[in-house]
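Visitor: To be precise about what I am sending: the file is called start-v4.txt and holds compact mmCIF, C-alpha atoms and all ligand atoms.
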# COMPACT_ATOMS: atom_id res chain seq x y z
CA MET A 66 -4.11 -28.08 3.13
CA PRO A 67 -1.76 -25.15 2.40
CA PRO A 68 -3.24 -21.81 3.44
CA GLU A 69 -3.52 -20.54 -0.13
CA GLN A 70 -5.88 -23.37 -1.05
CA MET A 71 -8.24 -22.89 1.88
CA PRO A 72 -11.60 -21.28 1.16
CA PRO A 73 -11.40 -17.70 2.40
CA PRO A 74 -13.56 -16.83 5.42
CA PRO A 75 -16.33 -14.31 4.82
CA LEU A 76 -15.24 -10.71 5.06
CA GLY A 77 -16.79 -8.51 7.67
CA GLY A 78 -16.44 -5.28 9.55
CA PHE A 79 -13.79 -4.85 12.20
CA MET A 80 -14.36 -4.34 15.89
CA ALA A 81 -13.11 -0.97 17.11
CA ARG A 82 -9.48 -1.07 18.10
CA ASN A 83 -8.84 -1.59 21.81
CA ARG A 84 -6.80 1.60 22.20
CA ALA A 85 -6.32 1.09 25.96
CA ALA A 86 -4.05 -1.86 25.20
CA GLN A 87 -2.06 0.14 22.63
CA PRO A 88 0.68 2.71 23.19
CA ALA A 89 -0.21 6.39 22.99
CA ALA A 90 1.15 8.11 19.88
CA LEU A 91 2.78 10.76 22.08
CA HIS A 92 5.02 9.44 24.86
CA PRO A 93 7.51 12.21 25.76
CA PRO A 94 10.08 9.92 27.44
CA TYR A 95 10.50 8.47 23.93
CA LYS A 96 11.72 11.75 22.48
CA THR A 97 11.26 11.00 18.79
CA SER A 98 7.52 10.54 19.38
CA VAL A 99 7.19 14.23 20.29
CA TRP A 100 7.49 15.53 16.69
CA ARG A 101 6.15 12.42 15.01
CA SER A 102 2.81 11.97 16.77
CA PRO A 103 -0.42 13.33 15.28
CA ARG A 104 -2.19 15.82 17.54
CA ALA A 105 -5.66 15.81 15.98
CA PRO A 106 -8.05 13.04 16.97
CA LEU A 107 -8.14 10.11 14.55
CA LEU A 108 -11.18 10.09 12.29
CA SER A 109 -13.35 7.06 13.09
CA PHE A 110 -15.15 5.17 10.34
CA PRO A 111 -16.54 1.69 9.87
CA SER A 112 -14.31 -0.52 7.76
CA SER A 113 -15.06 -1.03 4.06
CA LEU A 114 -13.69 -3.54 1.56
CA SER A 115 -10.61 -1.34 1.25
CA GLU A 116 -9.57 -2.22 4.81
CA GLU A 117 -11.20 -5.65 5.08
CA THR A 118 -9.18 -6.98 2.15
CA GLY A 119 -5.41 -6.99 2.00
CA PRO A 120 -2.50 -8.59 0.20
CA VAL A 121 -2.30 -12.37 0.67
CA PHE A 122 1.05 -14.06 0.21
CA GLY A 123 1.59 -17.72 -0.68
CA GLN A 124 4.32 -20.25 0.05
CA SER A 125 5.79 -19.56 -3.39
CA LEU A 126 7.06 -16.26 -1.95
CA LEU A 127 9.38 -18.03 0.45
CA GLY A 128 12.85 -19.49 -0.01
CA PRO A 129 13.98 -22.54 2.00
CA LEU A 130 16.15 -20.51 4.42
CA ASP A 131 13.92 -17.46 4.85
CA ALA A 132 12.93 -18.46 8.41
CA ASP A 133 16.47 -19.44 9.43
CA LEU A 134 18.41 -16.35 10.45
CA LEU A 135 21.28 -18.57 11.63
CA SER A 136 22.13 -19.44 8.06
CA ASN A 137 20.13 -17.30 5.60
CA PHE A 138 22.97 -14.77 5.32
CA ALA A 139 25.86 -17.04 6.27
CA ALA A 140 28.62 -18.32 4.00
CA PRO A 141 28.18 -21.98 3.05
CA GLY A 142 28.94 -24.16 6.05
CA GLU A 143 29.03 -21.15 8.41
CA THR A 144 26.48 -19.99 10.94
CA ALA A 145 25.75 -16.83 12.92
CA ILE A 146 27.51 -16.28 16.25
CA GLY A 147 25.47 -16.20 19.45
CA PRO A 148 23.08 -18.21 21.60
CA ARG A 149 20.94 -20.27 19.26
CA ILE A 150 17.20 -19.91 19.80
CA ILE A 151 13.89 -20.89 18.25
CA VAL A 152 11.11 -18.30 18.36
CA HIS A 153 7.66 -19.69 17.78
CA GLY A 154 4.04 -19.06 18.61
CA ARG A 155 0.56 -18.76 17.26
CA VAL A 156 -1.10 -15.89 15.43
CA VAL A 157 -4.79 -15.61 16.33
CA ASP A 158 -7.42 -12.92 15.88
CA GLU A 159 -9.43 -11.31 18.65
CA GLY A 160 -11.99 -14.09 18.30
CA GLY A 161 -9.24 -16.55 19.27
CA ARG A 162 -9.20 -18.16 15.81
CA GLY A 163 -5.84 -19.08 14.31
CA VAL A 164 -4.84 -16.91 11.36
CA PRO A 165 -3.50 -19.11 8.54
CA GLY A 166 -1.18 -17.75 5.88
CA ALA A 167 -0.14 -14.67 7.87
CA LEU A 168 3.20 -13.28 6.72
CA VAL A 169 5.57 -12.72 9.66
CA GLU A 170 8.69 -10.66 8.90
CA VAL A 171 11.36 -10.27 11.59
CA TRP A 172 14.51 -8.20 12.07
CA GLN A 173 16.95 -7.81 14.91
CA ALA A 174 20.43 -6.87 16.10
CA ASN A 175 23.09 -9.56 16.23
CA ALA A 176 24.23 -11.23 19.45
CA GLY A 177 26.42 -8.21 20.23
CA GLY A 178 23.55 -5.74 19.82
CA ARG A 179 24.66 -4.46 16.43
CA TYR A 180 22.38 -3.98 13.40
CA ARG A 181 23.56 -4.43 9.82
CA HIS A 182 22.70 -0.87 8.73
CA ALA A 183 24.62 2.09 7.29
CA LYS A 184 23.21 4.45 9.95
CA GLU A 185 24.15 2.20 12.86
CA GLY A 186 27.26 3.31 14.75
CA TYR A 187 27.41 1.07 17.82
CA LEU A 188 30.96 -0.18 18.40
CA ALA A 189 29.93 -3.82 18.77
CA PRO A 190 31.12 -5.70 15.67
CA LEU A 191 29.07 -6.96 12.76
CA ASP A 192 28.82 -10.72 12.38
CA PRO A 193 29.75 -11.52 8.77
CA ASN A 194 27.37 -14.49 8.89
CA PHE A 195 24.33 -12.66 10.23
CA GLY A 196 22.04 -10.48 8.10
CA GLY A 197 19.39 -9.90 10.76
CA CYS A 198 16.17 -10.53 8.88
CA GLY A 199 13.86 -13.42 8.11
CA ARG A 200 10.27 -14.25 7.32
CA CYS A 201 7.73 -17.07 7.37
CA LEU A 202 4.04 -17.78 6.87
CA THR A 203 1.75 -19.20 9.54
CA ASP A 204 0.41 -22.73 8.98
CA ALA A 205 -3.26 -23.74 8.80
CA GLU A 206 -3.67 -23.25 12.58
CA GLY A 207 -1.74 -19.99 12.75
CA HIS A 208 1.56 -21.38 14.04
CA TYR A 209 4.83 -19.77 13.01
CA SER A 210 8.46 -20.50 13.85
CA PHE A 211 11.92 -19.22 13.04
CA ARG A 212 15.50 -19.90 14.10
CA THR A 213 17.94 -17.17 15.07
CA VAL A 214 20.46 -15.99 17.66
CA MET A 215 19.50 -14.23 20.86
CA PRO A 216 19.88 -10.49 20.06
CA GLY A 217 22.02 -8.38 22.37
CA PRO A 218 20.76 -5.26 24.19
CA TYR A 219 22.09 -2.03 22.70
CA PRO A 220 22.47 1.64 23.69
CA TRP A 221 20.55 4.33 21.81
CA PRO A 222 20.51 8.11 21.82
CA ASN A 223 17.42 9.24 23.73
CA GLY A 224 18.12 10.03 27.37
CA GLY A 225 21.68 10.14 28.62
CA ASN A 226 22.02 6.39 29.07
CA ASP A 227 19.19 4.41 27.48
CA TRP A 228 19.56 0.76 26.54
CA ARG A 229 17.02 -1.25 24.60
CA PRO A 230 16.17 -4.56 26.21
CA ALA A 231 16.98 -7.49 23.93
CA HIS A 232 14.19 -7.60 21.36
CA ILE A 233 13.10 -8.85 17.96
CA HIS A 234 10.98 -6.67 15.65
CA LEU A 235 8.01 -8.37 13.99
CA SER A 236 5.78 -7.22 11.14
CA LEU A 237 2.48 -9.03 10.51
CA PHE A 238 0.02 -9.22 7.65
CA GLY A 239 -3.35 -10.82 8.35
CA PRO A 240 -5.77 -11.16 5.43
CA SER A 241 -7.00 -7.58 6.00
CA PHE A 242 -5.03 -4.36 5.64
CA ALA A 243 -6.76 -3.15 8.84
CA GLN A 244 -4.85 -5.88 10.71
CA ARG A 245 -1.43 -4.60 9.72
CA LEU A 246 0.81 -4.64 12.78
CA ILE A 247 4.43 -3.98 13.69
CA THR A 248 5.52 -4.86 17.19
CA GLN A 249 8.54 -6.03 19.19
CA MET A 250 8.99 -9.11 21.36
CA TYR A 251 11.12 -9.09 24.47
CA PHE A 252 12.66 -11.86 26.57
CA GLU A 253 11.43 -13.08 29.94
CA GLY A 254 13.54 -11.87 32.84
CA ASP A 255 15.34 -9.00 31.06
CA PRO A 256 16.04 -6.33 33.72
CA LEU A 257 16.05 -3.60 31.04
CA ILE A 258 12.34 -4.10 30.29
CA PRO A 259 10.97 -1.80 33.03
CA LEU A 260 13.55 0.89 32.15
CA CYS A 261 12.74 1.16 28.43
CA PRO A 262 11.14 4.46 27.27
CA ILE A 263 9.71 2.76 24.17
CA LEU A 264 8.06 -0.03 26.14
CA GLY A 265 6.92 2.61 28.64
CA ALA A 266 4.44 3.88 26.04
CA VAL A 267 2.44 0.70 26.69
CA THR A 268 0.81 1.68 29.98
CA ASP A 269 -1.52 -1.32 30.29
CA ALA A 270 0.48 -3.78 32.41
CA ALA A 271 -1.17 -6.86 30.90
CA ALA A 272 -0.58 -5.61 27.35
CA LEU A 273 3.08 -5.02 28.19
CA GLN A 274 3.39 -8.50 29.70
CA ARG A 275 2.05 -9.99 26.46
CA LEU A 276 5.04 -8.50 24.60
CA VAL A 277 7.40 -10.66 26.65
CA ALA A 278 8.25 -14.07 25.16
CA THR A 279 8.55 -16.93 27.63
CA LEU A 280 11.17 -19.67 27.75
CA ASP A 281 9.56 -22.82 26.35
CA MET A 282 11.52 -25.88 27.47
CA GLN A 283 9.04 -28.18 25.67
CA ALA A 284 10.09 -26.78 22.30
CA THR A 285 13.77 -26.56 23.18
CA ILE A 286 16.04 -28.84 21.14
CA PRO A 287 18.50 -30.54 23.53
CA MET A 288 22.16 -29.73 22.80
CA ASP A 289 21.07 -27.31 20.04
CA SER A 290 18.69 -24.40 20.75
CA ARG A 291 16.56 -22.97 23.49
CA ALA A 292 13.01 -22.00 22.50
CA PHE A 293 10.91 -18.94 23.29
CA ARG A 294 7.17 -18.70 22.76
CA PHE A 295 5.51 -15.53 21.55
CA ASP A 296 1.81 -15.50 20.65
CA ILE A 297 0.36 -12.66 18.62
CA VAL A 298 -3.22 -11.36 18.39
CA LEU A 299 -4.41 -9.49 15.30
CA ARG A 300 -7.55 -7.37 15.19
CA GLY A 301 -10.83 -9.29 14.98
CA ARG A 302 -13.99 -8.96 12.96
CA ARG A 303 -17.36 -8.12 14.39
CA GLN A 304 -19.81 -10.97 13.95
CA SER A 305 -22.88 -9.50 12.35
CA VAL A 306 -26.43 -10.25 13.48
CA PHE A 307 -27.05 -11.42 9.95
CA GLU A 308 -24.31 -14.05 10.16
CA ASN A 309 -25.63 -15.27 13.53
CA ARG A 310 -29.15 -15.68 12.17
CA LYS A 311 -27.91 -17.60 9.15
CA GLU A 312 -26.06 -20.05 11.39
CA GLY A 313 -29.17 -20.47 13.56
CA LEU A 314 -31.45 -21.36 10.63
CA MET B 187 -8.16 -18.73 28.44
CA PRO B 188 -5.73 -16.08 27.28
CA PRO B 189 -7.26 -12.69 26.62
CA PHE B 190 -7.60 -12.21 22.90
CA ILE B 191 -6.78 -8.52 22.76
CA GLU B 192 -4.81 -7.13 19.86
CA THR B 193 -1.06 -7.30 20.55
CA ALA B 194 0.35 -3.89 21.44
CA SER B 195 2.03 -2.11 18.55
CA GLN B 196 5.63 -0.95 18.96
CA THR B 197 7.60 1.51 16.87
CA ALA B 198 9.14 0.08 13.71
CA GLY B 199 12.37 1.75 14.90
CA PRO B 200 15.22 3.16 12.81
CA TYR B 201 16.04 -0.16 11.15
CA VAL B 202 12.63 -1.19 9.81
CA HIS B 203 14.20 -1.43 6.37
CA ILE B 204 16.39 -4.36 7.45
CA GLY B 205 13.24 -6.38 7.98
CA CYS B 206 10.88 -5.02 5.35
CA THR B 207 13.10 -3.84 2.47
CA PRO B 208 16.46 -5.52 3.19
CA ASN B 209 17.73 -5.06 -0.37
CA VAL B 210 17.40 -1.28 0.00
CA CYS B 211 19.93 -1.38 2.84
CA GLY B 212 22.35 -3.65 1.09
CA ILE B 213 21.23 -6.98 2.53
CA ALA B 214 20.65 -9.12 -0.56
CA MET B 215 17.70 -11.31 0.43
CA TYR B 216 14.59 -12.95 -0.97
CA GLY B 217 15.46 -12.16 -4.60
CA GLY B 218 14.00 -8.66 -4.18
CA ASP B 219 11.92 -6.63 -1.74
CA LEU B 220 8.27 -7.34 -1.06
CA GLY B 221 5.94 -4.76 -2.62
CA ALA B 222 8.67 -3.22 -4.81
CA VAL B 223 6.78 -4.22 -7.96
CA MET B 224 3.03 -3.75 -8.20
CA LYS B 225 2.70 -4.56 -11.89
CA THR B 226 3.79 -8.06 -12.90
CA GLY B 227 2.72 -7.76 -16.55
CA PRO B 228 0.53 -5.61 -18.79
CA VAL B 229 -2.16 -4.02 -16.62
CA ARG B 230 -5.63 -2.68 -17.30
CA GLY B 231 -6.41 0.99 -16.71
CA GLU B 232 -4.38 4.16 -16.34
CA GLU B 233 -0.81 3.62 -15.16
CA ILE B 234 0.26 6.31 -12.70
CA THR B 235 3.11 7.23 -10.40
CA LEU B 236 2.53 8.36 -6.82
CA THR B 237 5.33 10.24 -5.08
CA GLY B 238 5.57 12.14 -1.83
CA ALA B 239 7.29 12.35 1.51
CA VAL B 240 6.47 12.07 5.21
CA HIS B 241 7.06 15.25 7.24
CA ASP B 242 7.43 15.62 11.01
CA GLY B 243 6.01 18.37 13.23
CA MET B 244 9.01 20.62 12.53
CA GLY B 245 8.58 20.25 8.77
CA ALA B 246 11.56 17.94 8.31
CA VAL B 247 11.27 15.02 5.91
CA LEU B 248 11.54 11.57 7.47
CA LYS B 249 14.31 9.48 5.96
CA ASP B 250 13.54 6.36 7.95
CA ALA B 251 9.85 5.85 7.25
CA LEU B 252 8.19 2.89 5.57
CA VAL B 253 5.06 3.58 3.53
CA GLU B 254 2.71 0.86 2.34
CA ILE B 255 -0.27 1.13 0.04
CA TRP B 256 -3.15 -1.20 -0.74
CA GLN B 257 -5.70 -0.47 -3.43
CA ALA B 258 -8.19 -1.84 -5.92
CA ASP B 259 -7.39 -2.33 -9.60
CA ALA B 260 -8.78 -0.09 -12.35
CA ALA B 261 -12.12 -1.92 -12.16
CA GLY B 262 -12.42 -1.50 -8.38
CA LEU B 263 -11.51 -5.13 -7.60
CA PHE B 264 -8.93 -6.33 -5.07
CA ASN B 265 -6.29 -8.91 -5.94
CA THR B 266 -6.96 -11.29 -3.05
CA PRO B 267 -8.70 -14.67 -2.74
CA HIS B 268 -11.23 -12.85 -0.53
CA GLU B 269 -12.50 -10.81 -3.49
CA ARG B 270 -15.94 -12.20 -4.32
CA ARG B 271 -17.23 -9.62 -6.78
CA GLY B 272 -15.13 -10.71 -9.74
CA GLN B 273 -11.60 -11.44 -10.91
CA ALA B 274 -9.12 -8.65 -10.28
CA ASP B 275 -6.42 -7.88 -12.85
CA PRO B 276 -3.96 -10.77 -12.32
CA ASN B 277 -1.01 -8.57 -13.34
CA PHE B 278 -1.67 -5.98 -10.64
CA THR B 279 -0.91 -6.86 -7.01
CA GLY B 280 -2.57 -3.83 -5.41
CA PHE B 281 0.14 -3.81 -2.72
CA GLY B 282 3.13 -1.49 -2.66
CA ARG B 283 5.86 -0.86 -0.12
CA SER B 284 8.42 1.95 -0.28
CA ALA B 285 11.34 2.70 2.01
CA GLY B 286 11.68 6.14 0.53
CA ASP B 287 14.90 7.43 -0.97
CA MET B 288 17.73 7.14 1.58
CA ASN B 289 18.87 10.74 0.82
CA THR B 290 15.64 12.63 0.08
CA GLY B 291 13.05 10.51 1.90
CA GLU B 292 10.80 10.59 -1.20
CA PHE B 293 8.62 7.53 -1.70
CA THR B 294 7.46 6.37 -5.11
CA PHE B 295 4.85 3.86 -6.26
CA HIS B 296 4.34 2.76 -9.85
CA THR B 297 0.71 1.73 -9.81
CA VAL B 298 -2.63 2.15 -11.59
CA LYS B 299 -5.44 4.55 -10.88
CA PRO B 300 -7.94 2.58 -8.79
CA GLY B 301 -11.60 2.14 -9.68
CA ARG B 302 -14.45 2.81 -7.28
CA VAL B 303 -15.14 0.44 -4.40
CA PRO B 304 -18.50 0.19 -2.60
CA TRP B 305 -19.06 1.45 0.92
CA PRO B 306 -20.84 -1.02 3.24
CA ASP B 307 -24.24 0.59 2.42
CA GLY B 308 -23.72 0.15 -1.34
CA ARG B 309 -22.78 3.75 -2.19
CA LEU B 310 -19.59 4.06 -4.22
CA GLN B 311 -16.50 5.51 -2.62
CA ALA B 312 -14.31 7.85 -4.64
CA PRO B 313 -11.17 6.25 -6.11
CA HIS B 314 -8.67 5.99 -3.29
CA VAL B 315 -5.54 4.24 -2.06
CA SER B 316 -5.19 3.00 1.53
CA VAL B 317 -1.92 4.21 3.04
CA TRP B 318 -0.08 2.95 6.12
CA VAL B 319 2.94 4.74 7.61
CA VAL B 320 5.41 3.48 10.20
CA ALA B 321 8.75 4.89 11.35
CA ARG B 322 10.97 5.47 14.34
CA GLY B 323 8.96 7.62 16.77
CA ILE B 324 5.59 6.33 15.53
CA ASN B 325 4.34 4.03 18.27
CA ILE B 326 1.38 2.72 16.33
CA GLY B 327 1.13 2.56 12.52
CA LEU B 328 -0.86 5.41 10.98
CA GLN B 329 -3.64 4.72 8.51
CA THR B 330 -4.80 7.27 6.01
CA ARG B 331 -6.12 7.46 2.46
CA LEU B 332 -5.00 9.07 -0.78
CA TYR B 333 -7.71 10.52 -3.07
CA PHE B 334 -7.27 12.17 -6.48
CA ALA B 335 -7.68 15.90 -7.15
CA ASP B 336 -9.18 15.28 -10.60
CA GLU B 337 -12.08 13.23 -9.22
CA GLU B 338 -14.08 16.18 -7.89
CA ALA B 339 -17.54 14.69 -8.47
CA ALA B 340 -16.68 11.36 -6.89
CA ASN B 341 -14.79 13.05 -4.04
CA ALA B 342 -17.82 15.22 -3.26
CA GLU B 343 -19.97 12.17 -2.55
CA ASP B 344 -17.31 10.03 -0.87
CA PRO B 345 -18.53 8.87 2.55
CA ILE B 346 -15.24 9.66 4.29
CA LEU B 347 -14.19 12.85 2.51
CA SER B 348 -17.65 14.41 2.73
CA ARG B 349 -17.83 13.85 6.45
CA ILE B 350 -14.61 15.64 7.39
CA GLU B 351 -15.85 18.66 9.26
CA HIS B 352 -13.03 21.05 8.40
CA ARG B 353 -12.61 21.43 4.64
CA ALA B 354 -8.94 22.36 4.95
CA ARG B 355 -8.32 19.04 6.65
CA ALA B 356 -10.05 17.08 3.87
CA GLU B 357 -7.53 18.64 1.49
CA THR B 358 -4.76 16.74 3.27
CA LEU B 359 -6.07 13.52 1.71
CA ILE B 360 -5.99 14.78 -1.89
CA ALA B 361 -3.08 13.92 -4.19
CA ARG B 362 -2.32 16.64 -6.77
CA ARG B 363 -1.38 16.13 -10.40
CA SER B 364 2.38 16.67 -10.64
CA GLY B 365 2.84 15.64 -14.27
CA PRO B 366 1.30 13.46 -16.91
CA ARG B 367 0.09 10.32 -15.13
CA ALA B 368 1.83 11.45 -11.93
CA TYR B 369 0.46 12.59 -8.57
CA ARG B 370 2.08 13.97 -5.45
CA PHE B 371 0.91 13.18 -1.92
CA ASP B 372 2.67 14.56 1.15
CA ILE B 373 1.96 13.21 4.60
CA HIS B 374 2.31 15.56 7.58
CA LEU B 375 2.49 13.83 10.94
CA GLN B 376 1.81 17.02 12.88
CA GLY B 377 1.45 20.79 12.55
CA PRO B 378 -0.87 23.09 10.57
CA LYS B 379 -0.97 20.71 7.59
CA GLU B 380 -1.42 17.57 9.73
CA THR B 381 -2.84 14.75 7.60
CA VAL B 382 -6.19 13.28 8.61
CA PHE B 383 -5.38 9.87 10.06
CA LEU B 384 -8.08 7.26 10.24
CA ASP B 385 -9.24 4.96 13.02
CA ILE B 386 -10.85 2.24 10.94
FE FE C 401 15.62 -2.58 17.55
Turn the structure described in the file into structure tokens.
Ligand SMILES: [Fe+3]
Guide:
Amino acid sequence: MPPEQMPPPPLGGFMARNRAAQPAALHPPYKTSVWRSPRAPLLSFPSSLSEETGPVFGQSLLGPLDADLLSNFAAPGETAIGPRIIVHGRVVDEGGRGVPGALVEVWQANAGGRYRHAKEGYLAPLDPNFGGCGRCLTDAEGHYSFRTVMPGPYPWPNGGNDWRPAHIHLSLFGPSFAQRLITQMYFEGDPLIPLCPILGAVTDAAALQRLVATLDMQATIPMDSRAFRFDIVLRGRRQSVFENRKEGL
Amino acid sequence: MPPFIETASQTAGPYVHIGCTPNVCGIAMYGGDLGAVMKTGPVRGEEITLTGAVHDGMGAVLKDALVEIWQADAAGLFNTPHERRGQADPNFTGFGRSAGDMNTGEFTFHTVKPGRVPWPDGRLQAPHVSVWVVARGINIGLQTRLYFADEEAANAEDPILSRIEHRARAETLIARRSGPRAYRFDIHLQGPKETVFLDI
């Protein structure tokens, strides 16, 4: 059954965010965070319908090539340059339940580490057949998948000589606006990972490890593409006493 | 068993617009950007425009932010299959996304004035818009709310607004009338006018 036809699960309040597994707003080695991080404590409130609901997107939003970055910007018959990869995984909530119908938007540099953007000045060349963005919806069990090229690492102005590890940016919509998330996935074995001032803001070692996608030979397509697996967890709802009682009756 | 702990957020970076509003940066994709249009036909209620900008701790306007809003329709109903209190206006999505103007950083939403939505205990909240801000330098997306200056009575009994200890800080959540059917809402990431950000 397509996600948009499934009966929606009951809404409920959200569990408090696990801030220990999140980056601090202020992380001075990442210099831009110094003037862009709030200094007052966040104001804590229980969620209401305003945060428990959110925009829900259906399959009708998507075009046939949206999840294929190899060809969604390429001239007919052409394809992007670089190591071909599949990125896939499962989106679950903190209760471990798959999140169906979650919109996953991705963007990245090309294989040379260059973004298609007016403000980008890195000397690596643009690939005329690579736009650098794509999107897909998770299936009924929360699985998502897209095809792309392995992005290159790139230098950025922060310290004197900072390089971003190869990464793909991901934006996620669960059914609730409170679940809104933007993150980045990295690649297993990249020696730049421990040097990155942006990743350094995630001080919980296990949380950092979960941002690293692993080579998945099972999903690799022989003579075509390697595969990397990246699972994502969105915030979870609190199960109310009321709901428990109802199930027990 | 993997630990089911929310995936760590990471900054949206300087090129968030490639992924979220590609058409704004010249990458023609998807037949248009998500959230660029909130009204898909004639809508019920008062049509309004929300504009503003995001400011850093030095007072400079961010030109690489992405602002998203989510709100109820004029009757206080959300356009989602999870809405169980009634049928929201089918011509109003409730979701907006703005990259801001590339030169001025100003964001704009053409929307409707939202109705009142109940708090979990049944009290009515004042009309409000949920706002989410990401940008380079913001490690974890910031949630806040926009309320309306001309809703004094409702604002006075709103469960969130009325509980902000420092009155000057509550003012940071109030959008001001800037013209007929237009409101202005500036977001300050830091400094004396720092916006109240919410941990919901
Ligand atoms: Fe990047």
Visitor: Give as a list in words the residues surrounding ligand FE 401 (chain C) up to a distance of 7 Å, considering only C-alpha atoms and all ligand atoms.
Guide: Gln173, Ala174, His232, Ile233 and His234 of chain A; Gly199 and Tyr201 of chain B
Visitor: What is the distance between CA of Leu332 in chain B and CA of Gln311 in chain B, in Å to one decimal?
Guide: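 The value is 12.2 Å.
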Visitor: So that I can see what lies close to Glu380 in chain B, please list as a list of chain:residue names the residues with an atom at most 12 Å from it, counting only C-alpha atoms and leaving out residues fewer than 5 positions away in the same chain.
Guide: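 The contact residues come out as A:Trp100, A:Arg101, A:Ser102, A:Pro103, A:Arg104, A:Ala105, A:Pro106, A:Leu107, B:Val240, B:His241, B:Asp242, B:Gly243, B:Met244, B:Gly245, B:Thr330, B:Ala354, B:Arg355, B:Ala356, B:Glu357, B:Thr358, B:Leu359, B:Asp372, B:Ile373, B:His374, B:Leu375.
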Visitor: What is the CA of Phe295 in chain A-CA of Arg322 in chain B distance in Å, reported with one decimal?
Guide: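 Separation between CA of Phe295 in chain A and CA of Arg322 in chain B: 22.9 Å.
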Visitor: Please report as a tab-separated table every residue of chain B lying within 8 Å of chain A, along with the nearest atom pair and their distance in Å (one decimal), using only C-alpha atoms.
Guide:
residue	atom	partner	partner_atom	distance
B:Phe190	CA	A:Glu159	CA	4.7
B:Ile191	CA	A:Glu159	CA	5.6
B:Glu192	CA	A:Val298	CA	4.8
B:Thr193	CA	A:Val298	CA	5.1
B:Ala194	CA	A:Gln87	CA	4.8
B:Ser195	CA	A:Thr248	CA	4.6
B:Gln196	CA	A:Thr248	CA	4.3
B:Thr197	CA	A:Thr248	CA	6.7
B:Ala198	CA	A:Ile247	CA	6.2
B:Tyr201	CA	A:His182	CA	7.1
B:Val202	CA	A:Trp172	CA	7.6
B:Ile204	CA	A:Trp172	CA	6.3
B:Gly205	CA	A:Trp172	CA	4.7
B:Cys206	CA	A:Glu170	CA	7.0
B:Pro208	CA	A:Cys198	CA	7.6
B:Cys211	CA	A:His182	CA	6.5
B:Ile213	CA	A:Gly196	CA	6.6
B:Met215	CA	A:Phe138	CA	8.0
B:Tyr216	CA	A:Gly128	CA	6.8
B:Asp242	CA	A:Arg101	CA	5.3
B:Gly243	CA	A:Trp100	CA	4.7
B:Met244	CA	A:Trp100	CA	6.7
B:Trp256	CA	A:Gly119	CA	6.8
B:Gln257	CA	A:Ser115	CA	6.8
B:Ala258	CA	A:Ser115	CA	7.6
B:Phe264	CA	A:Thr118	CA	7.3
B:Asn265	CA	A:Pro120	CA	7.2
B:Thr266	CA	A:Val121	CA	6.1
B:Pro267	CA	A:Pro73	CA	6.5
B:His268	CA	A:Pro73	CA	5.7
B:Glu269	CA	A:Thr118	CA	7.6
B:Thr279	CA	A:Pro120	CA	7.6
B:Gly280	CA	A:Pro120	CA	7.4
B:Phe281	CA	A:Pro120	CA	6.2
B:Val303	CA	A:Leu114	CA	7.3
B:Pro304	CA	A:Leu114	CA	7.4
B:Trp305	CA	A:Ser113	CA	5.7
B:Pro306	CA	A:Ser113	CA	5.8
B:Ser316	CA	A:Ser115	CA	6.9
B:Arg322	CA	A:Thr97	CA	7.1
B:Gly323	CA	A:Ser98	CA	4.2
B:Ile324	CA	A:Ser98	CA	6.0
B:Asn325	CA	A:Ala90	CA	5.4
B:Ile326	CA	A:Ala90	CA	6.5
B:Gly327	CA	A:Leu246	CA	7.2
B:Ile346	CA	A:Phe110	CA	7.5
B:Leu375	CA	A:Pro103	CA	5.2
B:Gln376	CA	A:Pro103	CA	4.9
B:Gly377	CA	A:Arg104	CA	7.9
B:Glu380	CA	A:Pro103	CA	7.1
B:Val382	CA	A:Leu108	CA	7.0
B:Phe383	CA	A:Leu107	CA	5.3
B:Leu384	CA	A:Leu108	CA	4.7
B:Asp385	CA	A:Ser109	CA	4.6
B:Ile386	CA	A:Phe110	CA	5.2
Visitor: Which value, in Å to one decimal, gives the distance between CA of Pro218 in chain A and CA of Leu280 in chain A?
Guide: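 So the answer is 17.7 Å.
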Visitor: Please write out, as JSON, where the centre of an axis-aligned box around all listed atoms of range 323-341 of chain B lies and how long its edges are, in Å to one decimal, after adding 3 Å on each side.
Guide:
{"center_x": -4.3, "center_y": 9.4, "center_z": 3.8, "size_x": 32.5, "size_y": 19.6, "size_z": 34.9}
Visitor: Between A:Thr203, A:Ser210, A:Ser290, A:Ser136, which residue has the minimum interatomic distance to Gln124 in chain A, considering all atoms listed in the file?
Guide: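 Closest to Gln124 in chain A of all the choices is A:Thr203.
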Visitor: For Ala284 in chain A, find every residue with an atom within 9 Å (counting only C-alpha atoms), except residues of its own chain fewer than 4 positions away, and show them as an mmCIF file with C-alpha atoms, in the frame of the given file.
Guide:
data_model
loop_
_atom_site.group_PDB
_atom_site.id
_atom_site.type_symbol
_atom_site.label_atom_id
_atom_site.label_comp_id
_atom_site.auth_asym_id
_atom_site.auth_seq_id
_atom_site.Cartn_x
_atom_site.Cartn_y
_atom_site.Cartn_z
ATOM 1 C CA ILE A 151 13.890 -20.890 18.250
ATOM 2 C CA HIS A 153 7.660 -19.690 17.780
ATOM 3 C CA ARG A 291 16.560 -22.970 23.490
ATOM 4 C CA ALA A 292 13.010 -22.000 22.500
ATOM 5 C CA PHE A 293 10.910 -18.940 23.290
ATOM 6 C CA ARG A 294 7.170 -18.700 22.760
#
